[in-house]
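Structure, as structure tokens:
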Amino acid sequence: MAQYSRVAGSVALITLQNPPVNALSAAVRQGIVDTVERALRDPEVNSVVICGQNGKFCGGADIKEFGRQMSGPPLVPMIHAIEAGHKPMVAAIEGVALGGGLELALGCHYRIAHSKARLGLPEVSLGLLPAAGGSQRLPRLIGVPAALDLITTGRHVTAAEALKLGIVDQVTDHNTVDVAVKFVQSVAGQSMDSRRLSTRPCPSLPNLDAVFEGVMQRVRQSARGAIAPVACVQAVRAAATLPYPQGMEREKELMGTLFTSGQARALQYCFFAQRAVGKWSLPSGARWDTSKAMPISKAAVIGLGTMGRGITVALAQTGVSVVAVDTQERQLAEAKQAVSGMLERMAQKRGSAPPLGLVHYSNNLQAAADADLVIEAVFEDMALKESVFQQLSAICKPGTFLCTNTSGLDVDRLASHTRRPELVVGMHFFAPAHVMKLLEVVCGPRSSPEAVATAMQLGKKMGKVSVAVGNCPGFVGNRMLKPYVEQANFLLEEGATPELVDQVLEDFGFAMGVFRMSDLSGLDVGWRIRKADKLTDPSVPAGQPVRVRQGRRYSPLADLICEQGRFGQKTGQGWYHYDKPGGRVARSDPWLHSFLEEYRARHGLVARHIDHQEVLERCLYVLINEGFRILDDGIAAGPEDIDAIYVFGYGWPRHRGGPMFYASMVGLARVLERLEHYHQAHPDVPHLQPCRLLRRLVASGSPPVQRWREVIKRLHSQL
Ligand SMILES: CCCCCCCC/C=C\C/C=C/C(=O)SCCNC(=O)CCNC(=O)[C@H](O)C(C)(C)COP(=O)(O)OP(=O)(O)OC[C@H]1O[C@@H](n2cnc3c(N)ncnc32)[C@H](O)[C@@H]1OP(=O)(O)O
């Protein structure tokens, strides 16, 4: 809806009304069309201000409408009518002007923004482009390079930057609508000819072709197969090279391809999934909107290795006072330097003071006594963690939340070593903890709703996508990763190379293939876990076949690599060769290839040709199958939770929507059929056996991913 009122005698004030962000739904668009016509007709009105209700100008097109039959007036002619209007129109921008919201403002003759407003054209992150004239008007207003930057990245800019770029004409700290009303009166009666962006030429640019070629190359490289950034460049090129009407035709044509694409569906699904995971619920019935989060003003971090340091930085960045504890003096001194360095570098980038005063250091666990919340980040060793939890339970004030940053150990077992198990939750950060967006909040069977709410809320404050998950080995992310990595190792045994497997996964869109990723995280981490799980020598019972452990197929390849001291990037050798320890450029390693050949010969394995399809299907479908098991076990509440975890924590390409969404796009029946096929070929790999829930979903007609929860509920129902 849009409300029409008259202010200051001759100014029509049009207020967009569609909480929470005044998105341009069909009703809002109709409202704008009607009120603009009325203002242009009304002889008493000489100028118009457009604003949004509740301090938010407009969050753009209504994304919820995209998957449906479009109705109501289209945006392009609506904005054109505003621009062509003979009375001056000013956009009074408070809060946000994003996507179609900014495009609406670009159709106005002037733009006045509040100093706290944010502006941008984020359509690219939804798999689209600014197709309400934004790709044509913005370059005409601010030039091609700046427009390319904003449109291809989708980044939001502050009002100050918008003023500098020339997107807005004025920034105010006062009431934006009042300022706009005053301003529009001062230009009433003037010709608006020079203010219509569509009639302006694009500022000329020397070496236009070279600029576009360079940008296109960069965009293609970073897009990892996403099509929208490429279309955005093509649309801006049209603005730079074609008259406006033809440019608009090109914009429409490009949008036509994007609008119905699977990538746009995936990205829009991710938008809603990211928001859905904040609305958590537990099997006990506790929910996000009925559980109280406690305020955290002082936190303690125990253990200052890589993870502990990152968590300390992330907390301090949020404004939380932190006591960082490590009982080893040397580690403490190194951590102090590293944490200060990280805080200083981040502050320099932002142009603000580093929050160094918020971090205190201690070599004594007692320093955690008065913390509201403690995050234990010591070495991944159960006995060590149990001892830390026992001590913390005795030291900390009543009510302190005790959190563990374990990546997969039993949170409930740790809770059992404390006097207040209800205050224990997992907070599983991802390295580097001050950068990575994902936080798994692991809810043990005894974790109280307040503990979960507090960890979720703290994660949100830290800018993380926090996902509540159940307690099981590896939780969600690492539990699914295990069969994926295992499958990649089996492929090597059968004839593939790390290069082939990584190439296929990177072509799919992963930031890194499984072997390059393992080299980066350190091969010794998994080795230690396999040793603890009694999968590796010397704990394997004598007589056990080498490639079978605990009754199932096992590949000792990674263990053998570790036995050579090859732990990945840190040692300069792993699945690949690096020019030095800590080197980053992975090079193919002839040693590894001979090692694989010898290994196969020793075990009587004959290398066969493995094609890309098999690599992709075996790696991804086995991971997806585990995702279905996780849903069936109630470890994740819905497919959105799993998808958010994989997109924000494991480099799953966002334009593929996450593993569970991807499965629904491929077709559940197809995933089931391929899993059956591979399980038949490898009956000794239980992870390839299709999960019950997958079968059930296929039997229910493969409903869209948004409806899986209903099937899961029926499956779990005891009635
Ligand atoms: C064949 C060709 C066919 C052509 C058809 C052409 C039509 C299109 C033409 C032109 C292109 C224009 C496209 C667009 O405008 S796409 C939308 C661009 N806008 C955005 O991407 C902004 C998205 N929103 C945000 O970034 C944030 O929500 C925020 C910054 C506005 C506010 O953040 P915050 O305060 O943190 O709140 P939440 O994110 O939690 O959001 C609150 C609530 O609002 C919902 N919501 C937000 N934005 C939208 C929106 N644009 N449409 C619908 N709903 C929106 C959000 O989902 C939350 O609700 P909840 O999920 O129920 O919690």
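Labels used: A, B, ... for chains in the order of the structure tokens, numbers from 1 for residues in each chain, and numbers from 1 for ligands as shown.
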Kindly assemble as a Markdown table a list of the chain A residues that lie within 6 Å of ligand 1, each paired with its nearest atom pair and their distance in Å to one decimal, using only C-alpha atoms and all ligand atoms, sorted first by chain and then by ascending residue number.
| residue | atom | partner | partner_atom_place_in_ligand_line | distance |
| --- | --- | --- | --- | --- |
| A:Pro20 | CA | ligand 1 | 44 (O) | 5.4 |
| A:Val21 | CA | ligand 1 | 31 (C) | 5.7 |
| A:Ala23 | CA | ligand 1 | 51 (N) | 5.1 |
| A:Gly59 | CA | ligand 1 | 31 (C) | 4.5 |
| A:Gly60 | CA | ligand 1 | 15 (O) | 3.6 |
| A:Ala61 | CA | ligand 1 | 15 (O) | 3.7 |
| A:Asp62 | CA | ligand 1 | 52 (N) | 3.5 |
| A:Ile63 | CA | ligand 1 | 52 (N) | 4.0 |
| A:Lys64 | CA | ligand 1 | 53 (C) | 5.3 |
| A:Leu98 | CA | ligand 1 | 19 (N) | 5.0 |
| A:Gly99 | CA | ligand 1 | 15 (O) | 3.7 |
| A:Gly100 | CA | ligand 1 | 15 (O) | 3.6 |
| A:Pro122 | CA | ligand 1 | 21 (O) | 5.0 |
| A:Glu123 | CA | ligand 1 | 16 (S) | 4.9 |
| A:Pro130 | CA | ligand 1 | 11 (C) | 4.7 |
| A:Ala131 | CA | ligand 1 | 10 (C) | 4.2 |
| A:Ala132 | CA | ligand 1 | 10 (C) | 4.3 |
| A:Met255 | CA | ligand 1 | 2 (C) | 5.5 |
| A:Gly256 | CA | ligand 1 | 1 (C) | 4.0 |
| A:Phe259 | CA | ligand 1 | 2 (C) | 5.7 |
| A:Phe272 | CA | ligand 1 | 61 (O) | 5.6 |
| A:Arg275 | CA | ligand 1 | 61 (O) | 5.3 |
Just write the chosen residues, C-alpha atoms, as an mmCIF file, in the first residue's frame.
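Listed below is the output, selection.cif:
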data_model
loop_
_atom_site.group_PDB
_atom_site.id
_atom_site.type_symbol
_atom_site.label_atom_id
_atom_site.label_comp_id
_atom_site.auth_asym_id
_atom_site.auth_seq_id
_atom_site.Cartn_x
_atom_site.Cartn_y
_atom_site.Cartn_z
ATOM 1 C CA PRO A 20 8.757 -4.786 7.879
ATOM 2 C CA VAL A 21 10.817 -3.322 4.982
ATOM 3 C CA ALA A 23 8.956 -4.251 -0.069
ATOM 4 C CA GLY A 59 13.889 -3.075 0.859
ATOM 5 C CA GLY A 60 13.242 -3.652 -2.868
ATOM 6 C CA ALA A 61 10.983 -5.935 -4.834
ATOM 7 C CA ASP A 62 9.000 -8.409 -2.730
ATOM 8 C CA ILE A 63 11.170 -11.523 -2.992
ATOM 9 C CA LYS A 64 8.281 -13.718 -1.848
ATOM 10 C CA LEU A 98 17.880 -1.533 -1.715
ATOM 11 C CA GLY A 99 17.275 -3.161 -5.073
ATOM 12 C CA GLY A 100 13.968 -2.002 -6.527
ATOM 13 C CA PRO A 122 21.931 -6.404 -4.089
ATOM 14 C CA GLU A 123 19.923 -8.198 -6.810
ATOM 15 C CA PRO A 130 18.664 -4.461 -11.224
ATOM 16 C CA ALA A 131 16.058 -4.762 -13.946
ATOM 17 C CA ALA A 132 13.839 -1.834 -13.058
ATOM 18 C CA MET A 255 16.677 -10.480 -16.626
ATOM 19 C CA GLY A 256 14.400 -12.827 -18.573
ATOM 20 C CA PHE A 259 14.523 -14.663 -13.479
ATOM 21 C CA PHE A 272 15.023 -17.146 3.350
ATOM 22 C CA ARG A 275 16.561 -16.031 8.146
#
- Show which residues sit within 10 Å of Arg584 of chain A, as a PyMOL selection string. Count only C-alpha atoms, and ignore same-chain residues fewer than 6 positions away. chain A and resi 516+519-520+568-570+572+577-578
Next, write the just-selected residues to a file, as a PDB file, in the first residue's frame, keeping N, CA and C atoms as the atom set.
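Result file again_29.pdb:
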ATOM      1  N   ARG A 516      42.423 -30.263  -1.693  1.00  0.00           N
ATOM      2  CA  ARG A 516      43.053 -28.969  -1.394  1.00  0.00           C
ATOM      3  C   ARG A 516      42.549 -28.443  -0.041  1.00  0.00           C
ATOM      4  N   ASP A 519      44.334 -30.342   2.728  1.00  0.00           N
ATOM      5  CA  ASP A 519      45.704 -29.834   2.885  1.00  0.00           C
ATOM      6  C   ASP A 519      45.704 -28.515   3.652  1.00  0.00           C
ATOM      7  N   LEU A 520      44.713 -27.694   3.388  1.00  0.00           N
ATOM      8  CA  LEU A 520      44.639 -26.397   4.065  1.00  0.00           C
ATOM      9  C   LEU A 520      44.332 -26.578   5.555  1.00  0.00           C
ATOM     10  N   GLY A 568      49.963 -31.574   4.900  1.00  0.00           N
ATOM     11  CA  GLY A 568      49.301 -30.535   4.101  1.00  0.00           C
ATOM     12  C   GLY A 568      50.137 -29.270   4.018  1.00  0.00           C
ATOM     13  N   GLN A 569      49.464 -28.146   3.832  1.00  0.00           N
ATOM     14  CA  GLN A 569      50.168 -26.864   3.621  1.00  0.00           C
ATOM     15  C   GLN A 569      51.219 -26.590   4.692  1.00  0.00           C
ATOM     16  N   LYS A 570      50.889 -26.889   5.947  1.00  0.00           N
ATOM     17  CA  LYS A 570      51.801 -26.507   7.035  1.00  0.00           C
ATOM     18  C   LYS A 570      53.165 -27.192   6.926  1.00  0.00           C
ATOM     19  N   GLY A 572      54.271 -28.294   3.915  1.00  0.00           N
ATOM     20  CA  GLY A 572      54.712 -28.113   2.521  1.00  0.00           C
ATOM     21  C   GLY A 572      54.385 -29.293   1.631  1.00  0.00           C
ATOM     22  N   HIS A 577      51.992 -30.729  -3.490  1.00  0.00           N
ATOM     23  CA  HIS A 577      53.301 -30.218  -3.089  1.00  0.00           C
ATOM     24  C   HIS A 577      53.207 -28.696  -3.010  1.00  0.00           C
ATOM     25  N   TYR A 578      53.840 -28.099  -1.998  1.00  0.00           N
ATOM     26  CA  TYR A 578      53.864 -26.635  -1.846  1.00  0.00           C
ATOM     27  C   TYR A 578      55.324 -26.204  -1.848  1.00  0.00           C
TER      28      TYR A 578
END
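Note that the spacing between atom CA of Gly444 of chain A and atom CA of Tyr484 of chain A amounts to 25.4 Å.
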- Task: Considering only C-alpha atoms, return as number ranges by chain whatever protein or nucleic-acid residues lie within 9 Å of segment 333-343 of chain A, sequence-local ones (same chain, fewer than 6 positions apart) excluded.
- Result: A: 304-306, 308-310, 312-313, 316-317, 324, 326, 354-356, 359-361
Residues from the last selection, N, CA and C atoms, saved as a PDB file, in the first residue's frame:
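Output file selection.pdb follows:
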ATOM      1  N   LEU A 304      44.303 -20.766  23.691  1.00  0.00           N
ATOM      2  CA  LEU A 304      44.525 -19.708  22.712  1.00  0.00           C
ATOM      3  C   LEU A 304      45.320 -20.187  21.498  1.00  0.00           C
ATOM      4  N   GLY A 305      44.901 -21.333  20.971  1.00  0.00           N
ATOM      5  CA  GLY A 305      45.418 -21.761  19.660  1.00  0.00           C
ATOM      6  C   GLY A 305      44.703 -20.925  18.595  1.00  0.00           C
ATOM      7  N   THR A 306      44.746 -21.416  17.363  1.00  0.00           N
ATOM      8  CA  THR A 306      44.134 -20.655  16.260  1.00  0.00           C
ATOM      9  C   THR A 306      42.669 -20.330  16.541  1.00  0.00           C
ATOM     10  N   GLY A 308      40.912 -20.316  19.470  1.00  0.00           N
ATOM     11  CA  GLY A 308      40.718 -19.452  20.638  1.00  0.00           C
ATOM     12  C   GLY A 308      41.033 -17.996  20.303  1.00  0.00           C
ATOM     13  N   ARG A 309      42.082 -17.799  19.521  1.00  0.00           N
ATOM     14  CA  ARG A 309      42.454 -16.422  19.150  1.00  0.00           C
ATOM     15  C   ARG A 309      41.353 -15.789  18.297  1.00  0.00           C
ATOM     16  N   GLY A 310      40.885 -16.538  17.302  1.00  0.00           N
ATOM     17  CA  GLY A 310      39.828 -16.017  16.414  1.00  0.00           C
ATOM     18  C   GLY A 310      38.558 -15.699  17.199  1.00  0.00           C
ATOM     19  N   THR A 312      38.358 -14.932  20.377  1.00  0.00           N
ATOM     20  CA  THR A 312      38.627 -13.743  21.195  1.00  0.00           C
ATOM     21  C   THR A 312      38.428 -12.482  20.348  1.00  0.00           C
ATOM     22  N   VAL A 313      38.971 -12.499  19.146  1.00  0.00           N
ATOM     23  CA  VAL A 313      38.848 -11.329  18.260  1.00  0.00           C
ATOM     24  C   VAL A 313      37.369 -11.081  17.938  1.00  0.00           C
ATOM     25  N   ALA A 316      35.606  -9.528  20.948  1.00  0.00           N
ATOM     26  CA  ALA A 316      36.006  -8.133  21.195  1.00  0.00           C
ATOM     27  C   ALA A 316      35.405  -7.213  20.130  1.00  0.00           C
ATOM     28  N   GLN A 317      35.354  -7.700  18.905  1.00  0.00           N
ATOM     29  CA  GLN A 317      34.771  -6.904  17.810  1.00  0.00           C
ATOM     30  C   GLN A 317      33.303  -6.581  18.083  1.00  0.00           C
ATOM     31  N   ALA A 324      41.129 -13.770  28.011  1.00  0.00           N
ATOM     32  CA  ALA A 324      41.672 -14.848  27.182  1.00  0.00           C
ATOM     33  C   ALA A 324      42.684 -15.618  28.021  1.00  0.00           C
ATOM     34  N   ASP A 326      45.268 -18.927  28.719  1.00  0.00           N
ATOM     35  CA  ASP A 326      46.023 -20.112  28.317  1.00  0.00           C
ATOM     36  C   ASP A 326      47.060 -20.359  29.403  1.00  0.00           C
ATOM     37  N   PRO A 354      41.085   0.199  17.474  1.00  0.00           N
ATOM     38  CA  PRO A 354      40.960  -1.234  17.805  1.00  0.00           C
ATOM     39  C   PRO A 354      40.513  -1.411  19.257  1.00  0.00           C
ATOM     40  N   PRO A 355      39.599  -2.354  19.516  1.00  0.00           N
ATOM     41  CA  PRO A 355      39.099  -2.526  20.888  1.00  0.00           C
ATOM     42  C   PRO A 355      40.066  -3.315  21.775  1.00  0.00           C
ATOM     43  N   LEU A 356      41.333  -2.888  21.791  1.00  0.00           N
ATOM     44  CA  LEU A 356      42.360  -3.646  22.525  1.00  0.00           C
ATOM     45  C   LEU A 356      42.054  -3.712  24.016  1.00  0.00           C
ATOM     46  N   VAL A 359      40.228  -6.720  25.773  1.00  0.00           N
ATOM     47  CA  VAL A 359      40.802  -8.063  25.951  1.00  0.00           C
ATOM     48  C   VAL A 359      41.835  -8.061  27.071  1.00  0.00           C
ATOM     49  N   HIS A 360      41.649  -8.969  28.016  1.00  0.00           N
ATOM     50  CA  HIS A 360      42.622  -9.166  29.098  1.00  0.00           C
ATOM     51  C   HIS A 360      43.146 -10.587  28.984  1.00  0.00           C
ATOM     52  N   TYR A 361      44.366 -10.791  29.450  1.00  0.00           N
ATOM     53  CA  TYR A 361      45.000 -12.103  29.281  1.00  0.00           C
ATOM     54  C   TYR A 361      45.348 -12.682  30.641  1.00  0.00           C
TER      55      TYR A 361
END
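Each of A:Leu365, A:Lys461, A:Gly107, A:Ala146 was checked against Pro77 of chain A using only C-alpha atoms; the smallest atom-to-atom distance is that of A:Gly107.
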- Could you check which of A:Ala39, A:Val187, A:Leu128, A:Val711 is closest to Phe628 of chain A, using only C-alpha atoms? A:Val711
- Shortest interatomic distance to Tyr650 of chain A - which of A:Gly225, A:Gly513, A:Gly143, A:Gly31, counting only C-alpha atoms: A:Gly513
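Interatomic distance, atom CA of Glu422 of chain A to atom CA of Arg446 of chain A: 5.1 Å.
What separates atom CA of Val179 of chain A from atom CA of Gln17 of chain A is a distance of 20.3 Å.
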- Task: May I have all residues of segment 485-634 of chain A that DSSP, computed from the backbone, assigns to alpha helix (DSSP H), given as a PyMOL selection string?
- Result: chain A and resi 485-494+498-508+514-521+523-532+557-563+590-602+612-633
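For Tyr662 of chain A, the set of protein, DNA and RNA residues having any atom at most 10 Å away, when counting only C-alpha atoms and skipping those fewer than 3 positions along the same chain, is Gly262, Ala266, Leu620, Tyr621, Ile624, Asp643, His655, Arg656, Gly657, Gly658, Pro659, Met665, Val666, Gly667, Leu668 and Val705 of chain A.
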- Item | Selected residue, from A:Gln487, A:Ser555, A:Gln366, A:Asn478, that lies nearest to Gly649 of chain A when counting only C-alpha atoms | A:Asn478
- Message: I want to know what sits within 12 Å of Leu121 of chain A, based on only C-alpha atoms, with residues of the same chain fewer than 6 positions away left out; could you give that as a ChimeraX atom specification?
- Response: /A:58-61,96-106,127-135,137-138,147-157,167,232
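Of the residues in segment 272-385 of chain A, those given strand (DSSP E or B) by DSSP on the backbone are A:Ser281, A:Arg287, A:Lys298, A:Ala299, A:Ala300, A:Val301, A:Ile302, A:Ser321, A:Val322, A:Val323, A:Ala324, A:Val325, A:Val359, A:His360, A:Tyr361, A:Ser362, A:Leu373, A:Val374, A:Ile375, A:Glu376.
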What's the 9 Å shell around Ala264 of chain A, counting only C-alpha atoms, without same-chain residues fewer than 3 positions away, as a compact mmCIF listing (two decimals) with C-alpha atoms, in the first residue's frame?
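Heads up, here's the output in result-v2.txt:
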# COMPACT_ATOMS: atom_id res chain seq x y z
CA VAL A 124 23.04 -10.14 -7.87
CA SER A 125 22.99 -11.99 -4.53
CA LEU A 126 19.49 -13.18 -5.40
CA GLY A 127 20.58 -14.38 -8.84
CA LEU A 128 19.11 -11.32 -10.59
CA ALA A 228 24.07 -13.27 -12.45
CA LEU A 258 18.02 -14.95 -14.88
CA PHE A 259 14.52 -14.66 -13.48
CA THR A 260 13.48 -18.26 -14.10
CA SER A 261 16.93 -19.79 -13.61
CA LEU A 267 19.90 -17.89 -4.10
CA GLN A 268 16.44 -16.73 -3.09
CA TYR A 269 16.00 -19.96 -1.13
CA HIS A 655 24.02 -20.38 -6.26
